[in-house]
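Reviewing the structure listed below.
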Amino acid sequence: MARVSESQVLEALKAVRDPDRGDDVVTLGMIDGLAVKDGNVGFMLEVDPRRGPALEPLRKACEDAVNALPGVVSVSAVMTAHSASTTAAAPPPPQQPRQPSGQRPAVGGGRLEMPEVGAIIAVASGKGGVGKSTTAVNIALGLSALGLRVGILDADIYGPSIPRMLGITGKPHSDGDKLDPMRNYGLVCMSIGFLVEEDTPMIWRGPMVMSALEQMLRDVRWGALDVLVLDMPPGTGDAQLTISQRIAVTGAIIVSTPQDVALIDARKGLNMFRRVEIPVLGLVENMSYFICPSCGERSEIFGHGGARQTAAELGMDFLGEVPLHMAIRETSDAGAPIVATQPDSPQAQAYLAVAAMVAEKIDAQHAGGARKPPRIVVM
């Protein structure tokens with residue numbers, strides 16, 4: 001089957017007209033970041049931030065127009081308001097009074113207020129492959145087991161794994177304004193993985209990723225939550241900076257394996273959060289040791305104790321050890337996380353112990369007052 005080209009996509013988008021401006025979205029310069037690869041199409045729809053909330057039907061019309069083209073496998077259209085072209089001709093608006101808590105801010109401006117969320121916890125790692133998402137899901141379930149109302153946001157746009165780990169399929173319901181979160185095991189959750197097919201590569205540039213994250217925070221009916229857990233992508237890039245600057249993160253948890261290579265990257269993650277003035281709640285050593293199911297012998301495949309030692313050296317708390325065990329892998333792959341389905345197992349108890357420490361730290365943060373907005377420090 002012939003694959004669609006960029007020119008074909010732009011031609012299809014010329015059939016979509018902005019209802020207020022009287023011309024098509026291509027001629028008006030509203031399409032940016034167009035990327036086409038193997039039939040997967042992604043682009044940004046740049047809009048005036050003052051019109052953003054009302055233009056969801058226009059974004060959907062763009063998506064539908066491209067999706068109708070032969071050879072298109074998937075379409076991801078993200079509405080953003082980072083472009084100056086849509087507002088440059090107009091004089092700057094007068095300074096407005098601060099929005100009351102709970103009023104939805106415009107895309108791309110100001111801080112995102114989430115007044116119904118008590119605490120926001122980022123679960124991060126300096127590198128991939130250390131079990132960060134598995135840890136995030138099971139910590140979220142551990143917090144829920146303590147009686148807290150918990151949500152989880154899959155902030156890893158390029159490699160979303162929360163839908164599979166929580167055993168959720170299908171697409172979230174939308175009323176044209178906001179999305180209803182998906183639910184399972186007592187958690188509410190949202191992921192880009194609910195909006196695209198599982199094998200669809202996300203071929204987005206940085207601004208598209210940042211806009212998608214903001215929309216999943218702002219345009220989802222999260223409801224009243226005690227804790228929102230953010231499953232962060234690995235590294236220290238656009239997603240981390242977007243979240244640290246746009247929302248008030250209560251604290252971060254860093255996940256690492258014991259070996260030196262992983263711990264080097266864990267240090268980078270710690271230093272990034274310190275630069276943006278987000279408290280680091282502590283370090284989790286994942287895949288800490290392996291117990292042979294046949295003979296019971298303990299093997300420290302990746303070494304042992306490196307995370308505890310690193311935490312001590314860097315002046316942060318050590319939250320605990322999680323073993324390398326087949327049951328953790330099997331339950332995660334099956335969409336039946338071990339804390340939810342085997343809560344009495346030693347592996348689940350390790351996660352529950354970490355969750356209990358995190359809950360204590362959240363209480364301590366609240367007792368100490370709200371965190372100041374982050375300030376980027378250039379070293």
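All residue names refer to the structure tokens as shown: chains lettered A, B, ... in order, residues numbered from 1 in each chain, ligands numbered from 1 in order.
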
Considering only C-alpha atoms, return as a PDB file with C-alpha atoms, in the first residue's frame whatever protein or nucleic-acid residues lie within 9 Å of Met165 in chain A, sequence-local ones (same chain, fewer than 6 positions apart) excluded.
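Saved as selection-v1.pdb:
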```pdb
ATOM      1  CA  SER A 133       7.087   2.533  35.098  1.00  0.00           C
ATOM      2  CA  THR A 134       6.616  -0.714  37.014  1.00  0.00           C
ATOM      3  CA  VAL A 137       2.366   1.821  38.990  1.00  0.00           C
ATOM      4  CA  THR A 331       2.056  -9.412  36.451  1.00  0.00           C
ATOM      5  CA  SER A 332       3.167  -6.193  34.755  1.00  0.00           C
ATOM      6  CA  ASP A 333       3.026  -7.762  31.290  1.00  0.00           C
ATOM      7  CA  ALA A 334      -0.376  -9.261  32.073  1.00  0.00           C
ATOM      8  CA  GLY A 335      -1.880  -5.945  33.173  1.00  0.00           C
ATOM      9  CA  ALA A 336      -2.318  -7.254  36.701  1.00  0.00           C
ATOM     10  CA  PRO A 337       0.228  -5.359  38.866  1.00  0.00           C
TER      11      PRO A 337
END
```

Practice task
Mind checking which residues fall within 9 Å of Leu143 in chain A, counting only C-alpha atoms, ignoring those fewer than 5 positions away in the same chain, and posting them as a PyMOL selection string?
Solution key: chain A and resi 138+148-150+227+352+355-356+358-359

Keeping only C-alpha atoms, write the selected residues as a tab-separated table (two decimals), in the first residue's frame.
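The resulting file, selection.tsv, is shown below:
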```
chain	number	residue	atom	x	y	z
A	138	ASN	CA	2.99	-0.25	42.09
A	148	LEU	CA	-5.65	7.61	49.36
A	149	ARG	CA	-7.41	8.69	46.17
A	150	VAL	CA	-4.74	8.24	43.53
A	227	VAL	CA	-2.00	12.09	45.02
A	352	LEU	CA	3.98	-1.17	49.87
A	355	ALA	CA	4.54	3.71	49.32
A	356	ALA	CA	4.20	4.07	53.09
A	358	VAL	CA	6.23	8.28	50.35
A	359	ALA	CA	2.91	8.92	52.09
```

Practice task
Pick out the residues sitting within 12 Å of Gly269 in chain A, and hand them over as a PyMOL selection string; count only C-alpha atoms, and ignore anything fewer than 6 positions along from it in its own chain.
Solution key: chain A and resi 122-128+232-237+240-241+252-256+262-263+275-276+278-280+282-283+314

The selected residues should be written to file as a PDB file, in the first residue's frame (atoms: N, CA and C atoms).
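Written out: again-v9.pdb:
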```pdb
ATOM      1  N   ALA A 122       6.449  12.935  41.084  1.00  0.00           N
ATOM      2  CA  ALA A 122       7.087  12.500  39.847  1.00  0.00           C
ATOM      3  C   ALA A 122       7.986  11.301  40.137  1.00  0.00           C
ATOM      4  N   VAL A 123       7.770  10.209  39.403  1.00  0.00           N
ATOM      5  CA  VAL A 123       8.644   9.037  39.496  1.00  0.00           C
ATOM      6  C   VAL A 123       9.538   9.064  38.270  1.00  0.00           C
ATOM      7  N   ALA A 124      10.839   9.202  38.489  1.00  0.00           N
ATOM      8  CA  ALA A 124      11.765   9.479  37.399  1.00  0.00           C
ATOM      9  C   ALA A 124      12.977   8.561  37.457  1.00  0.00           C
ATOM     10  N   SER A 125      13.723   8.565  36.360  1.00  0.00           N
ATOM     11  CA  SER A 125      14.993   7.844  36.307  1.00  0.00           C
ATOM     12  C   SER A 125      15.911   8.582  35.351  1.00  0.00           C
ATOM     13  N   GLY A 126      17.197   8.436  35.550  1.00  0.00           N
ATOM     14  CA  GLY A 126      18.136   9.085  34.657  1.00  0.00           C
ATOM     15  C   GLY A 126      18.275   8.365  33.341  1.00  0.00           C
ATOM     16  N   LYS A 127      17.905   7.079  33.296  1.00  0.00           N
ATOM     17  CA  LYS A 127      18.043   6.286  32.079  1.00  0.00           C
ATOM     18  C   LYS A 127      16.892   5.301  31.995  1.00  0.00           C
ATOM     19  N   GLY A 128      16.679   4.755  30.802  1.00  0.00           N
ATOM     20  CA  GLY A 128      15.631   3.774  30.603  1.00  0.00           C
ATOM     21  C   GLY A 128      16.055   2.383  31.054  1.00  0.00           C
ATOM     22  N   MET A 232       7.331   9.552  34.705  1.00  0.00           N
ATOM     23  CA  MET A 232       8.118  10.422  33.843  1.00  0.00           C
ATOM     24  C   MET A 232       8.889   9.615  32.795  1.00  0.00           C
ATOM     25  N   PRO A 233       9.189  10.229  31.649  1.00  0.00           N
ATOM     26  CA  PRO A 233      10.098   9.565  30.712  1.00  0.00           C
ATOM     27  C   PRO A 233      11.504   9.561  31.278  1.00  0.00           C
ATOM     28  N   PRO A 234      12.358   8.666  30.790  1.00  0.00           N
ATOM     29  CA  PRO A 234      13.746   8.667  31.271  1.00  0.00           C
ATOM     30  C   PRO A 234      14.482   9.900  30.795  1.00  0.00           C
ATOM     31  N   GLY A 235      15.505  10.287  31.529  1.00  0.00           N
ATOM     32  CA  GLY A 235      16.345  11.398  31.115  1.00  0.00           C
ATOM     33  C   GLY A 235      15.971  12.709  31.776  1.00  0.00           C
ATOM     34  N   THR A 236      16.491  13.797  31.202  1.00  0.00           N
ATOM     35  CA  THR A 236      16.314  15.132  31.784  1.00  0.00           C
ATOM     36  C   THR A 236      16.018  16.137  30.679  1.00  0.00           C
ATOM     37  N   GLY A 237      14.975  15.855  29.880  1.00  0.00           N
ATOM     38  CA  GLY A 237      14.705  16.671  28.714  1.00  0.00           C
ATOM     39  C   GLY A 237      13.470  17.534  28.811  1.00  0.00           C
ATOM     40  N   GLN A 240      10.499  16.758  31.376  1.00  0.00           N
ATOM     41  CA  GLN A 240      10.817  17.071  32.771  1.00  0.00           C
ATOM     42  C   GLN A 240      10.752  18.582  33.019  1.00  0.00           C
ATOM     43  N   LEU A 241      11.317  19.367  32.095  1.00  0.00           N
ATOM     44  CA  LEU A 241      11.303  20.815  32.275  1.00  0.00           C
ATOM     45  C   LEU A 241       9.891  21.377  32.182  1.00  0.00           C
ATOM     46  N   ALA A 252       9.879  14.352  44.020  1.00  0.00           N
ATOM     47  CA  ALA A 252      10.267  13.369  43.010  1.00  0.00           C
ATOM     48  C   ALA A 252      10.866  12.139  43.668  1.00  0.00           C
ATOM     49  N   ILE A 253      10.606  11.004  43.057  1.00  0.00           N
ATOM     50  CA  ILE A 253      11.214   9.732  43.452  1.00  0.00           C
ATOM     51  C   ILE A 253      12.106   9.284  42.304  1.00  0.00           C
ATOM     52  N   ILE A 254      13.335   8.930  42.589  1.00  0.00           N
ATOM     53  CA  ILE A 254      14.262   8.481  41.551  1.00  0.00           C
ATOM     54  C   ILE A 254      14.459   6.976  41.674  1.00  0.00           C
ATOM     55  N   VAL A 255      14.319   6.299  40.546  1.00  0.00           N
ATOM     56  CA  VAL A 255      14.461   4.842  40.496  1.00  0.00           C
ATOM     57  C   VAL A 255      15.763   4.501  39.798  1.00  0.00           C
ATOM     58  N   SER A 256      16.507   3.582  40.385  1.00  0.00           N
ATOM     59  CA  SER A 256      17.773   3.150  39.784  1.00  0.00           C
ATOM     60  C   SER A 256      18.010   1.684  40.098  1.00  0.00           C
ATOM     61  N   ALA A 262      23.892   2.912  35.949  1.00  0.00           N
ATOM     62  CA  ALA A 262      22.565   3.447  36.252  1.00  0.00           C
ATOM     63  C   ALA A 262      22.641   4.543  37.305  1.00  0.00           C
ATOM     64  N   LEU A 263      23.513   4.391  38.266  1.00  0.00           N
ATOM     65  CA  LEU A 263      23.608   5.367  39.348  1.00  0.00           C
ATOM     66  C   LEU A 263      24.198   6.694  38.875  1.00  0.00           C
ATOM     67  N   ARG A 275      17.950  21.592  40.630  1.00  0.00           N
ATOM     68  CA  ARG A 275      18.092  22.858  39.909  1.00  0.00           C
ATOM     69  C   ARG A 275      16.749  23.555  39.728  1.00  0.00           C
ATOM     70  N   VAL A 276      15.687  22.780  39.536  1.00  0.00           N
ATOM     71  CA  VAL A 276      14.368  23.402  39.374  1.00  0.00           C
ATOM     72  C   VAL A 276      13.617  23.451  40.702  1.00  0.00           C
ATOM     73  N   ILE A 278      12.672  21.235  42.953  1.00  0.00           N
ATOM     74  CA  ILE A 278      11.676  20.227  43.308  1.00  0.00           C
ATOM     75  C   ILE A 278      12.319  19.286  44.318  1.00  0.00           C
ATOM     76  N   PRO A 279      11.728  19.121  45.492  1.00  0.00           N
ATOM     77  CA  PRO A 279      12.320  18.239  46.493  1.00  0.00           C
ATOM     78  C   PRO A 279      12.402  16.798  45.986  1.00  0.00           C
ATOM     79  N   VAL A 280      13.502  16.142  46.247  1.00  0.00           N
ATOM     80  CA  VAL A 280      13.643  14.721  45.927  1.00  0.00           C
ATOM     81  C   VAL A 280      13.310  13.929  47.185  1.00  0.00           C
ATOM     82  N   GLY A 282      13.394  10.703  47.612  1.00  0.00           N
ATOM     83  CA  GLY A 282      14.308   9.613  47.890  1.00  0.00           C
ATOM     84  C   GLY A 282      14.588   8.765  46.667  1.00  0.00           C
ATOM     85  N   LEU A 283      15.418   7.751  46.884  1.00  0.00           N
ATOM     86  CA  LEU A 283      15.897   6.865  45.825  1.00  0.00           C
ATOM     87  C   LEU A 283      15.435   5.446  46.107  1.00  0.00           C
ATOM     88  N   LEU A 314      24.656  11.687  48.525  1.00  0.00           N
ATOM     89  CA  LEU A 314      24.015  12.876  47.952  1.00  0.00           C
ATOM     90  C   LEU A 314      23.049  13.554  48.914  1.00  0.00           C
TER      91      LEU A 314
END
```

Hey, what does DSSP flag as strand (DSSP E or B) within range 143-338 of chain A? Can you give it to me as an mmCIF file with N, CA and C atoms, in the first residue's frame?
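Result written to out-v3.cif:
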```
data_model
loop_
_atom_site.group_PDB
_atom_site.id
_atom_site.type_symbol
_atom_site.label_atom_id
_atom_site.label_comp_id
_atom_site.auth_asym_id
_atom_site.auth_seq_id
_atom_site.Cartn_x
_atom_site.Cartn_y
_atom_site.Cartn_z
ATOM 1 N N VAL A 150 -5.970 8.140 44.297
ATOM 2 C CA VAL A 150 -4.735 8.235 43.526
ATOM 3 C C VAL A 150 -5.021 8.206 42.028
ATOM 4 N N GLY A 151 -4.335 9.076 41.303
ATOM 5 C CA GLY A 151 -4.327 9.050 39.847
ATOM 6 C C GLY A 151 -2.909 8.845 39.354
ATOM 7 N N ILE A 152 -2.769 8.409 38.102
ATOM 8 C CA ILE A 152 -1.445 8.242 37.514
ATOM 9 C C ILE A 152 -1.465 8.761 36.085
ATOM 10 N N LEU A 153 -0.504 9.626 35.763
ATOM 11 C CA LEU A 153 -0.362 10.173 34.419
ATOM 12 C C LEU A 153 0.883 9.577 33.780
ATOM 13 N N ASP A 154 0.707 8.979 32.631
ATOM 14 C CA ASP A 154 1.818 8.433 31.860
ATOM 15 C C ASP A 154 2.430 9.581 31.068
ATOM 16 N N SER A 174 -14.857 11.698 25.585
ATOM 17 C CA SER A 174 -14.680 13.149 25.537
ATOM 18 C C SER A 174 -16.011 13.797 25.213
ATOM 19 N N LEU A 179 -11.505 15.214 28.658
ATOM 20 C CA LEU A 179 -11.506 13.760 28.622
ATOM 21 C C LEU A 179 -11.793 13.202 30.002
ATOM 22 N N MET A 182 -9.310 7.091 32.364
ATOM 23 C CA MET A 182 -9.576 5.649 32.404
ATOM 24 C C MET A 182 -9.374 5.172 33.841
ATOM 25 N N ARG A 183 -9.921 3.997 34.152
ATOM 26 C CA ARG A 183 -9.892 3.519 35.530
ATOM 27 C C ARG A 183 -9.635 2.017 35.598
ATOM 28 N N ASN A 184 -8.878 1.613 36.590
ATOM 29 C CA ASN A 184 -8.718 0.199 36.939
ATOM 30 C C ASN A 184 -7.975 0.102 38.268
ATOM 31 N N LEU A 187 -7.462 3.104 40.550
ATOM 32 C CA LEU A 187 -6.711 4.260 40.078
ATOM 33 C C LEU A 187 -7.439 4.929 38.915
ATOM 34 N N VAL A 188 -7.321 6.255 38.805
ATOM 35 C CA VAL A 188 -7.697 6.944 37.569
ATOM 36 C C VAL A 188 -6.411 7.247 36.827
ATOM 37 N N CYS A 189 -6.437 7.138 35.511
ATOM 38 C CA CYS A 189 -5.181 7.303 34.776
ATOM 39 C C CYS A 189 -5.431 7.878 33.389
ATOM 40 N N MET A 190 -4.364 8.442 32.832
ATOM 41 C CA MET A 190 -4.386 8.953 31.467
ATOM 42 C C MET A 190 -3.024 8.715 30.846
ATOM 43 N N SER A 191 -3.055 8.411 29.544
ATOM 44 C CA SER A 191 -1.828 8.124 28.798
ATOM 45 C C SER A 191 -2.068 8.436 27.337
ATOM 46 N N VAL A 220 -8.165 16.909 31.337
ATOM 47 C CA VAL A 220 -8.678 15.635 31.851
ATOM 48 C C VAL A 220 -9.419 15.899 33.157
ATOM 49 N N LEU A 225 -8.267 14.283 44.027
ATOM 50 C CA LEU A 225 -7.249 13.260 44.268
ATOM 51 C C LEU A 225 -6.372 13.681 45.441
ATOM 52 N N ASP A 226 -5.968 12.700 46.228
ATOM 53 C CA ASP A 226 -4.963 12.974 47.254
ATOM 54 C C ASP A 226 -3.570 13.023 46.641
ATOM 55 N N VAL A 227 -3.326 12.156 45.655
ATOM 56 C CA VAL A 227 -2.005 12.091 45.016
ATOM 57 C C VAL A 227 -2.178 11.833 43.526
ATOM 58 N N LEU A 228 -1.436 12.573 42.705
ATOM 59 C CA LEU A 228 -1.295 12.270 41.285
ATOM 60 C C LEU A 228 0.147 11.847 41.054
ATOM 61 N N VAL A 229 0.343 10.616 40.598
ATOM 62 C CA VAL A 229 1.678 10.077 40.327
ATOM 63 C C VAL A 229 1.990 10.294 38.852
ATOM 64 N N LEU A 230 3.137 10.886 38.574
ATOM 65 C CA LEU A 230 3.581 11.105 37.201
ATOM 66 C C LEU A 230 4.654 10.089 36.854
ATOM 67 N N ASP A 231 4.360 9.225 35.884
ATOM 68 C CA ASP A 231 5.374 8.302 35.390
ATOM 69 C C ASP A 231 6.162 9.050 34.319
ATOM 70 N N GLY A 251 7.097 16.491 45.008
ATOM 71 C CA GLY A 251 8.397 15.856 45.188
ATOM 72 C C GLY A 251 8.634 14.812 44.120
ATOM 73 N N ALA A 252 9.879 14.352 44.020
ATOM 74 C CA ALA A 252 10.267 13.369 43.010
ATOM 75 C C ALA A 252 10.866 12.139 43.668
ATOM 76 N N ILE A 253 10.606 11.004 43.057
ATOM 77 C CA ILE A 253 11.214 9.732 43.452
ATOM 78 C C ILE A 253 12.106 9.284 42.304
ATOM 79 N N ILE A 254 13.335 8.930 42.589
ATOM 80 C CA ILE A 254 14.262 8.481 41.551
ATOM 81 C C ILE A 254 14.459 6.976 41.674
ATOM 82 N N VAL A 255 14.319 6.299 40.546
ATOM 83 C CA VAL A 255 14.461 4.842 40.496
ATOM 84 C C VAL A 255 15.763 4.501 39.798
ATOM 85 N N SER A 256 16.507 3.582 40.385
ATOM 86 C CA SER A 256 17.773 3.150 39.784
ATOM 87 C C SER A 256 18.010 1.684 40.098
ATOM 88 N N VAL A 280 13.502 16.142 46.247
ATOM 89 C CA VAL A 280 13.643 14.721 45.927
ATOM 90 C C VAL A 280 13.310 13.929 47.185
ATOM 91 N N LEU A 281 12.249 13.143 47.109
ATOM 92 C CA LEU A 281 11.791 12.395 48.279
ATOM 93 C C LEU A 281 12.709 11.231 48.611
ATOM 94 N N GLY A 282 13.394 10.703 47.612
ATOM 95 C CA GLY A 282 14.308 9.613 47.890
ATOM 96 C C GLY A 282 14.588 8.765 46.667
ATOM 97 N N LEU A 283 15.418 7.751 46.884
ATOM 98 C CA LEU A 283 15.897 6.865 45.825
ATOM 99 C C LEU A 283 15.435 5.446 46.107
ATOM 100 N N VAL A 284 14.937 4.773 45.059
ATOM 101 C CA VAL A 284 14.522 3.372 45.144
ATOM 102 C C VAL A 284 15.522 2.531 44.366
ATOM 103 N N GLU A 285 16.009 1.454 45.003
ATOM 104 C CA GLU A 285 16.890 0.523 44.301
ATOM 105 C C GLU A 285 16.046 -0.618 43.758
ATOM 106 N N ASN A 286 15.828 -0.619 42.440
ATOM 107 C CA ASN A 286 15.060 -1.674 41.790
ATOM 108 C C ASN A 286 15.998 -2.772 41.291
ATOM 109 N N MET A 287 15.449 -3.985 41.133
ATOM 110 C CA MET A 287 16.248 -5.152 40.728
ATOM 111 C C MET A 287 17.425 -5.322 41.675
ATOM 112 N N SER A 288 17.153 -5.134 42.943
ATOM 113 C CA SER A 288 18.211 -5.078 43.947
ATOM 114 C C SER A 288 18.916 -6.412 44.139
ATOM 115 N N TYR A 289 18.163 -7.481 44.048
ATOM 116 C CA TYR A 289 18.737 -8.836 44.203
ATOM 117 C C TYR A 289 17.763 -9.827 43.598
ATOM 118 N N PHE A 290 18.232 -11.055 43.394
ATOM 119 C CA PHE A 290 17.409 -12.106 42.801
ATOM 120 C C PHE A 290 17.461 -13.339 43.692
ATOM 121 N N ILE A 291 16.280 -13.867 44.021
ATOM 122 C CA ILE A 291 16.182 -15.116 44.791
ATOM 123 C C ILE A 291 15.786 -16.225 43.835
ATOM 124 N N ARG A 298 20.353 -16.470 46.915
ATOM 125 C CA ARG A 298 20.277 -15.044 46.580
ATOM 126 C C ARG A 298 21.457 -14.659 45.703
ATOM 127 N N SER A 299 21.150 -13.999 44.573
ATOM 128 C CA SER A 299 22.190 -13.517 43.662
ATOM 129 C C SER A 299 22.010 -12.026 43.459
ATOM 130 N N ILE A 301 22.670 -9.737 40.989
ATOM 131 C CA ILE A 301 23.031 -9.729 39.574
ATOM 132 C C ILE A 301 23.634 -8.395 39.150
ATOM 133 N N GLY A 303 24.865 -6.134 41.251
ATOM 134 C CA GLY A 303 25.482 -5.568 42.440
ATOM 135 C C GLY A 303 24.387 -5.328 43.472
ATOM 136 N N PHE A 318 16.915 7.047 51.362
ATOM 137 C CA PHE A 318 16.811 5.783 50.641
ATOM 138 C C PHE A 318 15.452 5.178 50.971
ATOM 139 N N LEU A 319 14.637 4.940 49.940
ATOM 140 C CA LEU A 319 13.255 4.520 50.162
ATOM 141 C C LEU A 319 13.067 3.013 50.224
ATOM 142 N N GLY A 320 14.053 2.246 49.736
ATOM 143 C CA GLY A 320 13.909 0.803 49.853
ATOM 144 C C GLY A 320 14.422 0.038 48.651
ATOM 145 N N GLU A 321 14.445 -1.290 48.817
ATOM 146 C CA GLU A 321 14.921 -2.207 47.786
ATOM 147 C C GLU A 321 13.749 -3.019 47.239
ATOM 148 N N VAL A 322 13.728 -3.182 45.919
ATOM 149 C CA VAL A 322 12.729 -4.038 45.272
ATOM 150 C C VAL A 322 13.483 -5.137 44.535
ATOM 151 N N PRO A 323 13.164 -6.395 44.780
ATOM 152 C CA PRO A 323 13.922 -7.477 44.158
ATOM 153 C C PRO A 323 13.607 -7.641 42.676
ATOM 154 N N LEU A 324 14.516 -8.316 41.980
ATOM 155 C CA LEU A 324 14.269 -8.764 40.615
ATOM 156 C C LEU A 324 13.549 -10.101 40.716
#
```
